[in-house]
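Peer 1: Provided herewith: input-v4.cif, mmCIF, N, CA and C atoms and all ligand atoms.
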data_protein
loop_
_atom_site.group_PDB
_atom_site.id
_atom_site.type_symbol
_atom_site.label_atom_id
_atom_site.label_comp_id
_atom_site.auth_asym_id
_atom_site.auth_seq_id
_atom_site.Cartn_x
_atom_site.Cartn_y
_atom_site.Cartn_z
ATOM 1 N N GLY A 1 36.684 111.121 116.564
ATOM 2 C CA GLY A 1 36.563 111.437 117.969
ATOM 3 C C GLY A 1 37.895 111.891 118.540
ATOM 4 N N GLU A 2 37.849 112.204 119.821
ATOM 5 C CA GLU A 2 39.049 112.670 120.528
ATOM 6 C C GLU A 2 39.239 111.834 121.775
ATOM 7 N N PRO A 3 39.659 110.569 121.627
ATOM 8 C CA PRO A 3 39.715 109.638 122.777
ATOM 9 C C PRO A 3 40.701 110.087 123.848
ATOM 10 N N GLY A 4 41.663 110.887 123.539
ATOM 11 C CA GLY A 4 42.618 111.371 124.537
ATOM 12 C C GLY A 4 42.168 112.672 125.190
ATOM 13 N N GLY A 5 40.978 113.099 124.839
ATOM 14 C CA GLY A 5 40.495 114.359 125.389
ATOM 15 C C GLY A 5 40.720 115.483 124.402
ATOM 16 N N PRO A 6 40.337 116.682 124.776
ATOM 17 C CA PRO A 6 40.459 117.843 123.873
ATOM 18 C C PRO A 6 41.894 118.045 123.415
ATOM 19 N N GLY A 7 42.062 118.360 122.192
ATOM 20 C CA GLY A 7 43.402 118.636 121.656
ATOM 21 C C GLY A 7 44.163 117.408 121.236
ATOM 22 N N THR A 8 43.533 116.237 121.296
ATOM 23 C CA THR A 8 44.192 115.024 120.783
ATOM 24 C C THR A 8 43.412 114.507 119.582
ATOM 25 N N ALA A 9 44.060 113.653 118.766
ATOM 26 C CA ALA A 9 43.402 113.114 117.574
ATOM 27 C C ALA A 9 43.875 111.678 117.339
ATOM 28 N N VAL A 10 43.032 110.918 116.723
ATOM 29 C CA VAL A 10 43.400 109.543 116.343
ATOM 30 C C VAL A 10 43.816 109.559 114.882
ATOM 31 N N ILE A 11 45.017 109.030 114.613
ATOM 32 C CA ILE A 11 45.496 108.944 113.220
ATOM 33 C C ILE A 11 45.288 107.513 112.735
ATOM 34 N N THR A 12 44.529 107.366 111.698
ATOM 35 C CA THR A 12 44.267 106.044 111.113
ATOM 36 C C THR A 12 45.133 105.871 109.876
ATOM 37 N N LYS A 13 46.007 104.871 109.943
ATOM 38 C CA LYS A 13 46.862 104.578 108.775
ATOM 39 C C LYS A 13 46.242 103.442 107.980
ATOM 40 N N THR A 14 46.248 103.569 106.668
ATOM 41 C CA THR A 14 45.850 102.432 105.834
ATOM 42 C C THR A 14 47.114 101.722 105.391
ATOM 43 N N LYS A 15 47.095 100.380 105.529
ATOM 44 C CA LYS A 15 48.269 99.566 105.183
ATOM 45 C C LYS A 15 48.239 99.264 103.690
ATOM 46 N N PRO A 16 49.353 99.456 103.000
ATOM 47 C CA PRO A 16 49.380 99.032 101.590
ATOM 48 C C PRO A 16 49.066 97.535 101.507
ATOM 49 N N GLN A 17 48.209 97.144 100.591
ATOM 50 C CA GLN A 17 47.777 95.734 100.519
ATOM 51 C C GLN A 17 48.800 94.909 99.741
ATOM 52 N N THR A 18 49.948 94.641 100.378
ATOM 53 C CA THR A 18 51.033 93.921 99.702
ATOM 54 C C THR A 18 51.278 92.552 100.318
ATOM 55 N N LYS A 19 50.417 92.140 101.253
ATOM 56 C CA LYS A 19 50.686 90.883 101.971
ATOM 57 C C LYS A 19 50.283 89.661 101.143
ATOM 58 N N ARG A 20 51.260 88.801 100.903
ATOM 59 C CA ARG A 20 51.000 87.541 100.196
ATOM 60 C C ARG A 20 50.614 86.473 101.215
ATOM 61 N N PRO A 21 49.716 85.549 100.843
ATOM 62 C CA PRO A 21 49.397 84.463 101.773
ATOM 63 C C PRO A 21 50.567 83.476 101.845
ATOM 64 N N ASN A 22 50.711 82.797 102.984
ATOM 65 C CA ASN A 22 51.669 81.695 103.056
ATOM 66 C C ASN A 22 51.217 80.607 102.091
ATOM 67 N N MET A 23 52.180 80.003 101.390
ATOM 68 C CA MET A 23 51.852 78.976 100.398
ATOM 69 C C MET A 23 52.459 77.636 100.832
ATOM 70 N N TYR A 24 51.777 76.569 100.432
ATOM 71 C CA TYR A 24 52.153 75.216 100.865
ATOM 72 C C TYR A 24 52.246 74.289 99.649
ATOM 73 N N ARG A 25 53.345 73.524 99.608
ATOM 74 C CA ARG A 25 53.487 72.480 98.589
ATOM 75 C C ARG A 25 52.689 71.264 99.023
ATOM 76 N N VAL A 26 51.998 70.652 98.075
ATOM 77 C CA VAL A 26 51.366 69.353 98.332
ATOM 78 C C VAL A 26 52.196 68.308 97.609
ATOM 79 N N LEU A 27 52.654 67.321 98.361
ATOM 80 C CA LEU A 27 53.596 66.306 97.874
ATOM 81 C C LEU A 27 52.972 64.929 97.985
ATOM 82 N N ILE A 28 53.323 64.045 97.060
ATOM 83 C CA ILE A 28 52.965 62.638 97.236
ATOM 84 C C ILE A 28 54.244 61.828 97.393
ATOM 85 N N LEU A 29 54.117 60.718 98.089
ATOM 86 C CA LEU A 29 55.263 59.871 98.426
ATOM 87 C C LEU A 29 55.180 58.560 97.649
ATOM 88 N N ASN A 30 56.336 58.035 97.297
ATOM 89 C CA ASN A 30 56.379 56.735 96.639
ATOM 90 C C ASN A 30 56.102 55.618 97.641
ATOM 91 N N ASP A 31 55.601 54.512 97.152
ATOM 92 C CA ASP A 31 55.506 53.258 97.921
ATOM 93 C C ASP A 31 55.612 52.125 96.921
ATOM 94 N N ASP A 32 55.674 50.894 97.424
ATOM 95 C CA ASP A 32 55.903 49.741 96.542
ATOM 96 C C ASP A 32 54.612 49.139 95.994
ATOM 97 N N TYR A 33 53.453 49.588 96.447
ATOM 98 C CA TYR A 33 52.206 48.863 96.173
ATOM 99 C C TYR A 33 51.161 49.620 95.360
ATOM 100 N N THR A 34 51.088 50.937 95.513
ATOM 101 C CA THR A 34 50.044 51.670 94.782
ATOM 102 C C THR A 34 50.305 51.582 93.282
ATOM 103 N N PRO A 35 49.318 51.159 92.501
ATOM 104 C CA PRO A 35 49.530 51.045 91.047
ATOM 105 C C PRO A 35 49.817 52.413 90.407
ATOM 106 N N MET A 36 50.721 52.397 89.438
ATOM 107 C CA MET A 36 51.085 53.637 88.742
ATOM 108 C C MET A 36 49.853 54.333 88.166
ATOM 109 N N GLU A 37 48.954 53.582 87.537
ATOM 110 C CA GLU A 37 47.789 54.212 86.907
ATOM 111 C C GLU A 37 46.850 54.855 87.931
ATOM 112 N N PHE A 38 46.816 54.289 89.149
ATOM 113 C CA PHE A 38 46.008 54.906 90.216
ATOM 114 C C PHE A 38 46.591 56.263 90.598
ATOM 115 N N VAL A 39 47.911 56.329 90.718
ATOM 116 C CA VAL A 39 48.581 57.588 91.081
ATOM 117 C C VAL A 39 48.338 58.637 89.995
ATOM 118 N N VAL A 40 48.458 58.231 88.745
ATOM 119 C CA VAL A 40 48.197 59.156 87.631
ATOM 120 C C VAL A 40 46.754 59.676 87.719
ATOM 121 N N HIS A 41 45.827 58.780 87.995
ATOM 122 C CA HIS A 41 44.416 59.183 88.110
ATOM 123 C C HIS A 41 44.215 60.192 89.250
ATOM 124 N N VAL A 42 44.847 59.935 90.380
ATOM 125 C CA VAL A 42 44.757 60.844 91.540
ATOM 126 C C VAL A 42 45.271 62.241 91.174
ATOM 127 N N ILE A 43 46.401 62.272 90.490
ATOM 128 C CA ILE A 43 47.005 63.568 90.140
ATOM 129 C C ILE A 43 46.113 64.316 89.146
ATOM 130 N N GLU A 44 45.551 63.593 88.194
ATOM 131 C CA GLU A 44 44.620 64.220 87.243
ATOM 132 C C GLU A 44 43.388 64.759 87.969
ATOM 133 N N ARG A 45 42.824 63.919 88.831
ATOM 134 C CA ARG A 45 41.534 64.227 89.462
ATOM 135 C C ARG A 45 41.617 65.355 90.487
ATOM 136 N N PHE A 46 42.642 65.325 91.341
ATOM 137 C CA PHE A 46 42.682 66.270 92.463
ATOM 138 C C PHE A 46 43.602 67.468 92.226
ATOM 139 N N PHE A 47 44.481 67.365 91.221
ATOM 140 C CA PHE A 47 45.418 68.462 90.982
ATOM 141 C C PHE A 47 45.265 69.053 89.576
ATOM 142 N N SER A 48 44.192 68.661 88.882
ATOM 143 C CA SER A 48 43.831 69.263 87.590
ATOM 144 C C SER A 48 44.965 69.256 86.571
ATOM 145 N N LYS A 49 45.683 68.142 86.512
ATOM 146 C CA LYS A 49 46.748 67.993 85.506
ATOM 147 C C LYS A 49 46.237 67.125 84.362
ATOM 148 N N ASP A 50 46.746 67.370 83.157
ATOM 149 C CA ASP A 50 46.392 66.472 82.049
ATOM 150 C C ASP A 50 47.179 65.157 82.200
ATOM 151 N N HIS A 51 46.866 64.182 81.340
ATOM 152 C CA HIS A 51 47.423 62.835 81.506
ATOM 153 C C HIS A 51 48.953 62.844 81.418
ATOM 154 N N GLU A 52 49.474 63.669 80.510
ATOM 155 C CA GLU A 52 50.924 63.738 80.306
ATOM 156 C C GLU A 52 51.631 64.325 81.525
ATOM 157 N N ALA A 53 51.111 65.432 82.037
ATOM 158 C CA ALA A 53 51.717 66.070 83.221
ATOM 159 C C ALA A 53 51.609 65.152 84.437
ATOM 160 N N ALA A 54 50.453 64.509 84.591
ATOM 161 C CA ALA A 54 50.255 63.604 85.729
ATOM 162 C C ALA A 54 51.222 62.421 85.663
ATOM 163 N N THR A 55 51.440 61.906 84.458
ATOM 164 C CA THR A 55 52.371 60.783 84.277
ATOM 165 C C THR A 55 53.795 61.211 84.618
ATOM 166 N N ARG A 56 54.167 62.421 84.196
ATOM 167 C CA ARG A 56 55.511 62.952 84.532
ATOM 168 C C ARG A 56 55.709 63.028 86.039
ATOM 169 N N ILE A 57 54.711 63.564 86.743
ATOM 170 C CA ILE A 57 54.817 63.699 88.204
ATOM 171 C C ILE A 57 54.904 62.321 88.855
ATOM 172 N N MET A 58 54.036 61.389 88.427
ATOM 173 C CA MET A 58 54.048 60.036 89.000
ATOM 174 C C MET A 58 55.414 59.393 88.819
ATOM 175 N N LEU A 59 55.993 59.494 87.612
ATOM 176 C CA LEU A 59 57.293 58.870 87.350
ATOM 177 C C LEU A 59 58.406 59.534 88.162
ATOM 178 N N HIS A 60 58.301 60.855 88.341
ATOM 179 C CA HIS A 60 59.271 61.556 89.193
ATOM 180 C C HIS A 60 59.213 60.986 90.613
ATOM 181 N N VAL A 61 58.014 60.806 91.139
ATOM 182 C CA VAL A 61 57.857 60.271 92.504
ATOM 183 C C VAL A 61 58.363 58.832 92.560
ATOM 184 N N HIS A 62 58.019 58.045 91.553
ATOM 185 C CA HIS A 62 58.457 56.641 91.496
ATOM 186 C C HIS A 62 59.986 56.549 91.561
ATOM 187 N N HIS A 63 60.682 57.461 90.890
ATOM 188 C CA HIS A 63 62.151 57.391 90.817
ATOM 189 C C HIS A 63 62.863 58.132 91.945
ATOM 190 N N HIS A 64 62.229 59.204 92.486
ATOM 191 C CA HIS A 64 62.913 60.049 93.484
ATOM 192 C C HIS A 64 62.342 59.913 94.894
ATOM 193 N N GLY A 65 61.181 59.235 95.020
ATOM 194 C CA GLY A 65 60.627 58.990 96.356
ATOM 195 C C GLY A 65 59.586 59.986 96.807
ATOM 196 N N ILE A 66 59.612 61.190 96.237
ATOM 197 C CA ILE A 66 58.667 62.246 96.627
ATOM 198 C C ILE A 66 58.562 63.244 95.481
ATOM 199 N N GLY A 67 57.431 63.919 95.371
ATOM 200 C CA GLY A 67 57.289 64.916 94.312
ATOM 201 C C GLY A 67 56.126 65.856 94.564
ATOM 202 N N GLU A 68 56.199 67.028 93.938
ATOM 203 C CA GLU A 68 55.219 68.098 94.132
ATOM 204 C C GLU A 68 54.066 67.994 93.129
ATOM 205 N N CYS A 69 52.840 68.055 93.641
ATOM 206 C CA CYS A 69 51.643 68.048 92.786
ATOM 207 C C CYS A 69 51.065 69.432 92.584
ATOM 208 N N GLY A 70 51.393 70.379 93.484
ATOM 209 C CA GLY A 70 50.870 71.732 93.350
ATOM 210 C C GLY A 70 51.228 72.563 94.566
ATOM 211 N N ILE A 71 50.993 73.870 94.469
ATOM 212 C CA ILE A 71 51.272 74.820 95.551
ATOM 213 C C ILE A 71 50.008 75.637 95.780
ATOM 214 N N TYR A 72 49.542 75.666 97.036
ATOM 215 C CA TYR A 72 48.239 76.249 97.355
ATOM 216 C C TYR A 72 48.293 77.001 98.691
ATOM 217 N N THR A 73 47.264 77.789 98.941
ATOM 218 C CA THR A 73 47.099 78.377 100.275
ATOM 219 C C THR A 73 46.788 77.252 101.268
ATOM 220 N N TYR A 74 46.915 77.544 102.564
ATOM 221 C CA TYR A 74 46.797 76.507 103.605
ATOM 222 C C TYR A 74 45.502 75.700 103.486
ATOM 223 N N GLU A 75 44.393 76.365 103.404
ATOM 224 C CA GLU A 75 43.098 75.658 103.413
ATOM 225 C C GLU A 75 42.917 74.772 102.192
ATOM 226 N N VAL A 76 43.353 75.261 101.030
ATOM 227 C CA VAL A 76 43.228 74.472 99.801
ATOM 228 C C VAL A 76 44.170 73.274 99.867
ATOM 229 N N ALA A 77 45.411 73.490 100.322
ATOM 230 C CA ALA A 77 46.382 72.398 100.425
ATOM 231 C C ALA A 77 45.869 71.315 101.373
ATOM 232 N N GLU A 78 45.322 71.731 102.514
ATOM 233 C CA GLU A 78 44.795 70.787 103.506
ATOM 234 C C GLU A 78 43.656 69.962 102.900
ATOM 235 N N THR A 79 42.799 70.612 102.118
ATOM 236 C CA THR A 79 41.694 69.912 101.457
ATOM 237 C C THR A 79 42.217 68.885 100.460
ATOM 238 N N LYS A 80 43.235 69.242 99.675
ATOM 239 C CA LYS A 80 43.822 68.305 98.699
ATOM 240 C C LYS A 80 44.359 67.073 99.424
ATOM 241 N N VAL A 81 45.112 67.290 100.518
ATOM 242 C CA VAL A 81 45.701 66.172 101.260
ATOM 243 C C VAL A 81 44.601 65.236 101.758
ATOM 244 N N THR A 82 43.563 65.808 102.343
ATOM 245 C CA THR A 82 42.450 64.997 102.863
ATOM 246 C C THR A 82 41.757 64.238 101.743
ATOM 247 N N GLN A 83 41.504 64.899 100.623
ATOM 248 C CA GLN A 83 40.831 64.238 99.491
ATOM 249 C C GLN A 83 41.653 63.062 98.973
ATOM 250 N N VAL A 84 42.960 63.271 98.814
ATOM 251 C CA VAL A 84 43.824 62.195 98.297
ATOM 252 C C VAL A 84 43.897 61.035 99.292
ATOM 253 N N MET A 85 44.093 61.358 100.572
ATOM 254 C CA MET A 85 44.207 60.298 101.586
ATOM 255 C C MET A 85 42.907 59.500 101.702
ATOM 256 N N ASP A 86 41.766 60.172 101.656
ATOM 257 C CA ASP A 86 40.470 59.486 101.733
ATOM 258 C C ASP A 86 40.252 58.593 100.509
ATOM 259 N N PHE A 87 40.622 59.117 99.327
ATOM 260 C CA PHE A 87 40.428 58.358 98.077
ATOM 261 C C PHE A 87 41.351 57.126 98.063
ATOM 262 N N ALA A 88 42.609 57.298 98.492
ATOM 263 C CA ALA A 88 43.554 56.164 98.528
ATOM 264 C C ALA A 88 43.057 55.099 99.509
ATOM 265 N N ARG A 89 42.608 55.526 100.671
ATOM 266 C CA ARG A 89 42.100 54.569 101.682
ATOM 267 C C ARG A 89 40.873 53.828 101.157
ATOM 268 N N LYS A 90 39.971 54.570 100.510
ATOM 269 C CA LYS A 90 38.753 53.957 99.955
ATOM 270 C C LYS A 90 39.104 52.825 98.988
ATOM 271 N N HIS A 91 40.199 53.012 98.237
ATOM 272 C CA HIS A 91 40.619 52.000 97.262
ATOM 273 C C HIS A 91 41.685 51.060 97.836
ATOM 274 N N GLN A 92 41.924 51.177 99.123
ATOM 275 C CA GLN A 92 42.850 50.282 99.846
ATOM 276 C C GLN A 92 44.267 50.320 99.279
ATOM 277 N N HIS A 93 44.721 51.536 98.928
ATOM 278 C CA HIS A 93 46.113 51.736 98.519
ATOM 279 C C HIS A 93 46.834 52.554 99.593
ATOM 280 N N PRO A 94 48.139 52.286 99.784
ATOM 281 C CA PRO A 94 48.880 52.971 100.854
ATOM 282 C C PRO A 94 49.437 54.343 100.477
ATOM 283 N N LEU A 95 49.031 54.871 99.335
ATOM 284 C CA LEU A 95 49.523 56.171 98.867
ATOM 285 C C LEU A 95 49.436 57.238 99.971
ATOM 286 N N GLN A 96 50.537 57.964 100.160
ATOM 287 C CA GLN A 96 50.595 59.022 101.172
ATOM 288 C C GLN A 96 50.731 60.389 100.502
ATOM 289 N N CYS A 97 50.064 61.378 101.081
ATOM 290 C CA CYS A 97 50.084 62.749 100.579
ATOM 291 C C CYS A 97 50.285 63.687 101.762
ATOM 292 N N VAL A 98 51.203 64.628 101.619
ATOM 293 C CA VAL A 98 51.527 65.549 102.712
ATOM 294 C C VAL A 98 51.630 66.974 102.184
ATOM 295 N N MET A 99 51.607 67.936 103.103
ATOM 296 C CA MET A 99 51.855 69.331 102.728
ATOM 297 C C MET A 99 53.020 69.871 103.530
ATOM 298 N N GLU A 100 53.725 70.860 102.940
ATOM 299 C CA GLU A 100 54.820 71.503 103.657
ATOM 300 C C GLU A 100 54.834 72.976 103.295
ATOM 301 N N LYS A 101 55.190 73.805 104.267
ATOM 302 C CA LYS A 101 55.251 75.244 104.017
ATOM 303 C C LYS A 101 56.377 75.515 103.028
ATOM 304 N N LYS A 102 56.091 76.423 102.074
ATOM 305 C CA LYS A 102 57.086 76.724 101.037
ATOM 306 C C LYS A 102 58.237 77.570 101.616
HETATM 307 N N1 LIG A 201 56.148 52.663 93.065
HETATM 308 C C1 LIG A 201 54.805 52.335 92.628
HETATM 309 C C2 LIG A 201 54.840 51.077 91.759
HETATM 310 O O1 LIG A 201 55.889 50.649 91.322
HETATM 311 C C3 LIG A 201 54.163 53.471 91.816
HETATM 312 C C4 LIG A 201 53.972 54.721 92.625
HETATM 313 C C5 LIG A 201 54.345 55.946 92.081
HETATM 314 C C6 LIG A 201 53.401 54.681 93.882
HETATM 315 C C7 LIG A 201 54.145 57.127 92.797
HETATM 316 C C8 LIG A 201 53.202 55.839 94.628
HETATM 317 O O2 LIG A 201 53.367 58.211 94.769
HETATM 318 C C9 LIG A 201 53.570 57.065 94.064
HETATM 319 N N2 LIG A 201 53.675 50.478 91.521
#
Can the structure from this file be put into structure tokens for me?
Peer 2:
Amino acid sequence: GEPGGPGTAVITKTKPQTKRPNMYRVLILNDDYTPMEFVVHVIERFFSKDHEAATRIMLHVHHHGIGECGIYTYEVAETKVTQVMDFARKHQHPLQCVMEKK
């Protein structure tokens, strides 16, 4: 069409599809009460790690206070945090899980 009247034209540019989504780290926090094997189970179950990788992450958190379980888009990261927090509460453990923008 000619929205500006006769002698005008609309130029439609296509944007190169180079936009990456914002990514978020999902982290778990150490505490004094959650059993180590429960944390390993959580990491296996919700972050698709094998037993060895999950144990490494758990021990890192145990010694350093915080550690990364995975990096996801916003919606997936938010779902992981909710799943972990709900599962920990259901089992009456104080395990905390958070997300942060990368
Ligand atoms: N510090 C806990 C213990 O000694 C184990 C633990 C590890 C808890 C990692 C939480 O995110 C955590 N039982």
Peer 1: List, as a VMD selection string, every residue that the PyMOL selection byres (((not hetatm)) within 6.5 of (chain A and resi 201)) selects in the file provided.
Peer 2: chain A and resid 28 to 36 39 58 to 59 61 to 62 95 to 96
Peer 1: Produce a file of the selected residues containing N, CA and C atoms, as an mmCIF file, in the frame of the given file.
Peer 2:
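The resulting file, again.cif, is shown below:
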data_model
loop_
_atom_site.group_PDB
_atom_site.id
_atom_site.type_symbol
_atom_site.label_atom_id
_atom_site.label_comp_id
_atom_site.auth_asym_id
_atom_site.auth_seq_id
_atom_site.Cartn_x
_atom_site.Cartn_y
_atom_site.Cartn_z
ATOM 1 N N ILE A 28 53.323 64.045 97.060
ATOM 2 C CA ILE A 28 52.965 62.638 97.236
ATOM 3 C C ILE A 28 54.244 61.828 97.393
ATOM 4 N N LEU A 29 54.117 60.718 98.089
ATOM 5 C CA LEU A 29 55.263 59.871 98.426
ATOM 6 C C LEU A 29 55.180 58.560 97.649
ATOM 7 N N ASN A 30 56.336 58.035 97.297
ATOM 8 C CA ASN A 30 56.379 56.735 96.639
ATOM 9 C C ASN A 30 56.102 55.618 97.641
ATOM 10 N N ASP A 31 55.601 54.512 97.152
ATOM 11 C CA ASP A 31 55.506 53.258 97.921
ATOM 12 C C ASP A 31 55.612 52.125 96.921
ATOM 13 N N ASP A 32 55.674 50.894 97.424
ATOM 14 C CA ASP A 32 55.903 49.741 96.542
ATOM 15 C C ASP A 32 54.612 49.139 95.994
ATOM 16 N N TYR A 33 53.453 49.588 96.447
ATOM 17 C CA TYR A 33 52.206 48.863 96.173
ATOM 18 C C TYR A 33 51.161 49.620 95.360
ATOM 19 N N THR A 34 51.088 50.937 95.513
ATOM 20 C CA THR A 34 50.044 51.670 94.782
ATOM 21 C C THR A 34 50.305 51.582 93.282
ATOM 22 N N PRO A 35 49.318 51.159 92.501
ATOM 23 C CA PRO A 35 49.530 51.045 91.047
ATOM 24 C C PRO A 35 49.817 52.413 90.407
ATOM 25 N N MET A 36 50.721 52.397 89.438
ATOM 26 C CA MET A 36 51.085 53.637 88.742
ATOM 27 C C MET A 36 49.853 54.333 88.166
ATOM 28 N N VAL A 39 47.911 56.329 90.718
ATOM 29 C CA VAL A 39 48.581 57.588 91.081
ATOM 30 C C VAL A 39 48.338 58.637 89.995
ATOM 31 N N MET A 58 54.036 61.389 88.427
ATOM 32 C CA MET A 58 54.048 60.036 89.000
ATOM 33 C C MET A 58 55.414 59.393 88.819
ATOM 34 N N LEU A 59 55.993 59.494 87.612
ATOM 35 C CA LEU A 59 57.293 58.870 87.350
ATOM 36 C C LEU A 59 58.406 59.534 88.162
ATOM 37 N N VAL A 61 58.014 60.806 91.139
ATOM 38 C CA VAL A 61 57.857 60.271 92.504
ATOM 39 C C VAL A 61 58.363 58.832 92.560
ATOM 40 N N HIS A 62 58.019 58.045 91.553
ATOM 41 C CA HIS A 62 58.457 56.641 91.496
ATOM 42 C C HIS A 62 59.986 56.549 91.561
ATOM 43 N N LEU A 95 49.031 54.871 99.335
ATOM 44 C CA LEU A 95 49.523 56.171 98.867
ATOM 45 C C LEU A 95 49.436 57.238 99.971
ATOM 46 N N GLN A 96 50.537 57.964 100.160
ATOM 47 C CA GLN A 96 50.595 59.022 101.172
ATOM 48 C C GLN A 96 50.731 60.389 100.502
#
Peer 1: Quick one, how far is atom C of His63 (chain A) from atom N of Glu75 (chain A)?
Peer 2: 28.4 Å
Peer 1: Hey, what does DSSP flag as strand (DSSP E or B) within chain A? Can you give it to me as a list in words?
Peer 2: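 Assigned to strand (DSSP E or B), within chain A: Met23, Tyr24, Arg25, Val26, Leu27, Ile28, Leu29, Ile66, Gly67, Glu68, Cys69, Gly70, Ile71, Tyr72, Thr73, Gln96, Cys97, Val98, Met99, Glu100 and Lys101 of chain A.
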Peer 1: Between CA of Tyr74 (chain A) and CA of Pro16 (chain A), what distance in Å does the model show, to one decimal?
Peer 2: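 So the two atoms, CA of Tyr74 (chain A) and CA of Pro16 (chain A), lie 22.8 Å apart.
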Peer 1: For the file shown, report as a PDB file with N, CA and C atoms, in the frame of the given file the outcome of the PyMOL selection byres (((chain A and resi 100) around 5) and not hetatm) at residue level.
Peer 2:
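The resulting file, out_0.pdb, is reproduced below:
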ATOM      1  N   TYR A  24      51.777  76.569 100.432  1.00  0.00           N
ATOM      2  CA  TYR A  24      52.153  75.216 100.865  1.00  0.00           C
ATOM      3  C   TYR A  24      52.246  74.289  99.649  1.00  0.00           C
ATOM      4  N   ARG A  25      53.345  73.524  99.608  1.00  0.00           N
ATOM      5  CA  ARG A  25      53.487  72.480  98.589  1.00  0.00           C
ATOM      6  C   ARG A  25      52.689  71.264  99.023  1.00  0.00           C
ATOM      7  N   VAL A  98      51.203  64.628 101.619  1.00  0.00           N
ATOM      8  CA  VAL A  98      51.527  65.549 102.712  1.00  0.00           C
ATOM      9  C   VAL A  98      51.630  66.974 102.184  1.00  0.00           C
ATOM     10  N   MET A  99      51.607  67.936 103.103  1.00  0.00           N
ATOM     11  CA  MET A  99      51.855  69.331 102.728  1.00  0.00           C
ATOM     12  C   MET A  99      53.020  69.871 103.530  1.00  0.00           C
ATOM     13  N   LYS A 101      55.190  73.805 104.267  1.00  0.00           N
ATOM     14  CA  LYS A 101      55.251  75.244 104.017  1.00  0.00           C
ATOM     15  C   LYS A 101      56.377  75.515 103.028  1.00  0.00           C
ATOM     16  N   LYS A 102      56.091  76.423 102.074  1.00  0.00           N
ATOM     17  CA  LYS A 102      57.086  76.724 101.037  1.00  0.00           C
ATOM     18  C   LYS A 102      58.237  77.570 101.616  1.00  0.00           C
TER      19      LYS A 102
END
Peer 1: With only N, CA and C atoms as the basis for distance, which of A:Thr12, A:Gly7, A:Leu27, A:Gln83 is at the shortest distance from Ile66 (chain A)?
Peer 2: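 Of A:Thr12, A:Gly7, A:Leu27, A:Gln83, the one nearest Ile66 (chain A) is A:Leu27, counting only N, CA and C atoms.
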Peer 1: Starting from the point (46.4, 80.5, 95.9), work out which residues of protein, DNA or RNA have an atom no more than 9 Å away when counting only C-alpha atoms; state them as a PDB file with N, CA and C atoms, in the coordinates of the input.
Peer 2:
ATOM      1  N   PRO A  21      49.716  85.549 100.843  1.00  0.00           N
ATOM      2  CA  PRO A  21      49.397  84.463 101.773  1.00  0.00           C
ATOM      3  C   PRO A  21      50.567  83.476 101.845  1.00  0.00           C
ATOM      4  N   ASN A  22      50.711  82.797 102.984  1.00  0.00           N
ATOM      5  CA  ASN A  22      51.669  81.695 103.056  1.00  0.00           C
ATOM      6  C   ASN A  22      51.217  80.607 102.091  1.00  0.00           C
ATOM      7  N   MET A  23      52.180  80.003 101.390  1.00  0.00           N
ATOM      8  CA  MET A  23      51.852  78.976 100.398  1.00  0.00           C
ATOM      9  C   MET A  23      52.459  77.636 100.832  1.00  0.00           C
ATOM     10  N   ILE A  71      50.993  73.870  94.469  1.00  0.00           N
ATOM     11  CA  ILE A  71      51.272  74.820  95.551  1.00  0.00           C
ATOM     12  C   ILE A  71      50.008  75.637  95.780  1.00  0.00           C
ATOM     13  N   TYR A  72      49.542  75.666  97.036  1.00  0.00           N
ATOM     14  CA  TYR A  72      48.239  76.249  97.355  1.00  0.00           C
ATOM     15  C   TYR A  72      48.293  77.001  98.691  1.00  0.00           C
ATOM     16  N   THR A  73      47.264  77.789  98.941  1.00  0.00           N
ATOM     17  CA  THR A  73      47.099  78.377 100.275  1.00  0.00           C
ATOM     18  C   THR A  73      46.788  77.252 101.268  1.00  0.00           C
ATOM     19  N   TYR A  74      46.915  77.544 102.564  1.00  0.00           N
ATOM     20  CA  TYR A  74      46.797  76.507 103.605  1.00  0.00           C
ATOM     21  C   TYR A  74      45.502  75.700 103.486  1.00  0.00           C
ATOM     22  N   VAL A  76      43.353  75.261 101.030  1.00  0.00           N
ATOM     23  CA  VAL A  76      43.228  74.472  99.801  1.00  0.00           C
ATOM     24  C   VAL A  76      44.170  73.274  99.867  1.00  0.00           C
TER      25      VAL A  76
END
Peer 1: What is the atom C of Arg89 (chain A) to CA of Val40 (chain A) distance in Å?
Peer 2: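 CA of Val40 (chain A) lies 16.3 Å from atom C of Arg89 (chain A).
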Peer 1: For a quick check of understanding, using only C-alpha atoms, which of A:Val10, A:Arg20, A:Met85, A:His60 has the smallest distance to Phe46 (chain A)?
Peer 2: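 Among the listed residues, A:Met85 lies closest to Phe46 (chain A).
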Peer 1: List every residue of region 9-45 of chain A that DSSP, applied to the backbone of this structure, places in helix (DSSP H, G or I), and write the result as a CSV table (one decimal) with N, CA and C atoms, in the frame of the given file.
Peer 2:
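Output saved as result23.csv:
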chain,number,residue,atom,x,y,z
A,36,MET,N,50.7,52.4,89.4
A,36,MET,CA,51.1,53.6,88.7
A,36,MET,C,49.9,54.3,88.2
A,37,GLU,N,49.0,53.6,87.5
A,37,GLU,CA,47.8,54.2,86.9
A,37,GLU,C,46.8,54.9,87.9
A,38,PHE,N,46.8,54.3,89.1
A,38,PHE,CA,46.0,54.9,90.2
A,38,PHE,C,46.6,56.3,90.6
A,39,VAL,N,47.9,56.3,90.7
A,39,VAL,CA,48.6,57.6,91.1
A,39,VAL,C,48.3,58.6,90.0
A,40,VAL,N,48.5,58.2,88.7
A,40,VAL,CA,48.2,59.2,87.6
A,40,VAL,C,46.8,59.7,87.7
A,41,HIS,N,45.8,58.8,88.0
A,41,HIS,CA,44.4,59.2,88.1
A,41,HIS,C,44.2,60.2,89.2
A,42,VAL,N,44.8,59.9,90.4
A,42,VAL,CA,44.8,60.8,91.5
A,42,VAL,C,45.3,62.2,91.2
A,43,ILE,N,46.4,62.3,90.5
A,43,ILE,CA,47.0,63.6,90.1
A,43,ILE,C,46.1,64.3,89.1
A,44,GLU,N,45.6,63.6,88.2
A,44,GLU,CA,44.6,64.2,87.2
A,44,GLU,C,43.4,64.8,88.0
A,45,ARG,N,42.8,63.9,88.8
A,45,ARG,CA,41.5,64.2,89.5
A,45,ARG,C,41.6,65.4,90.5
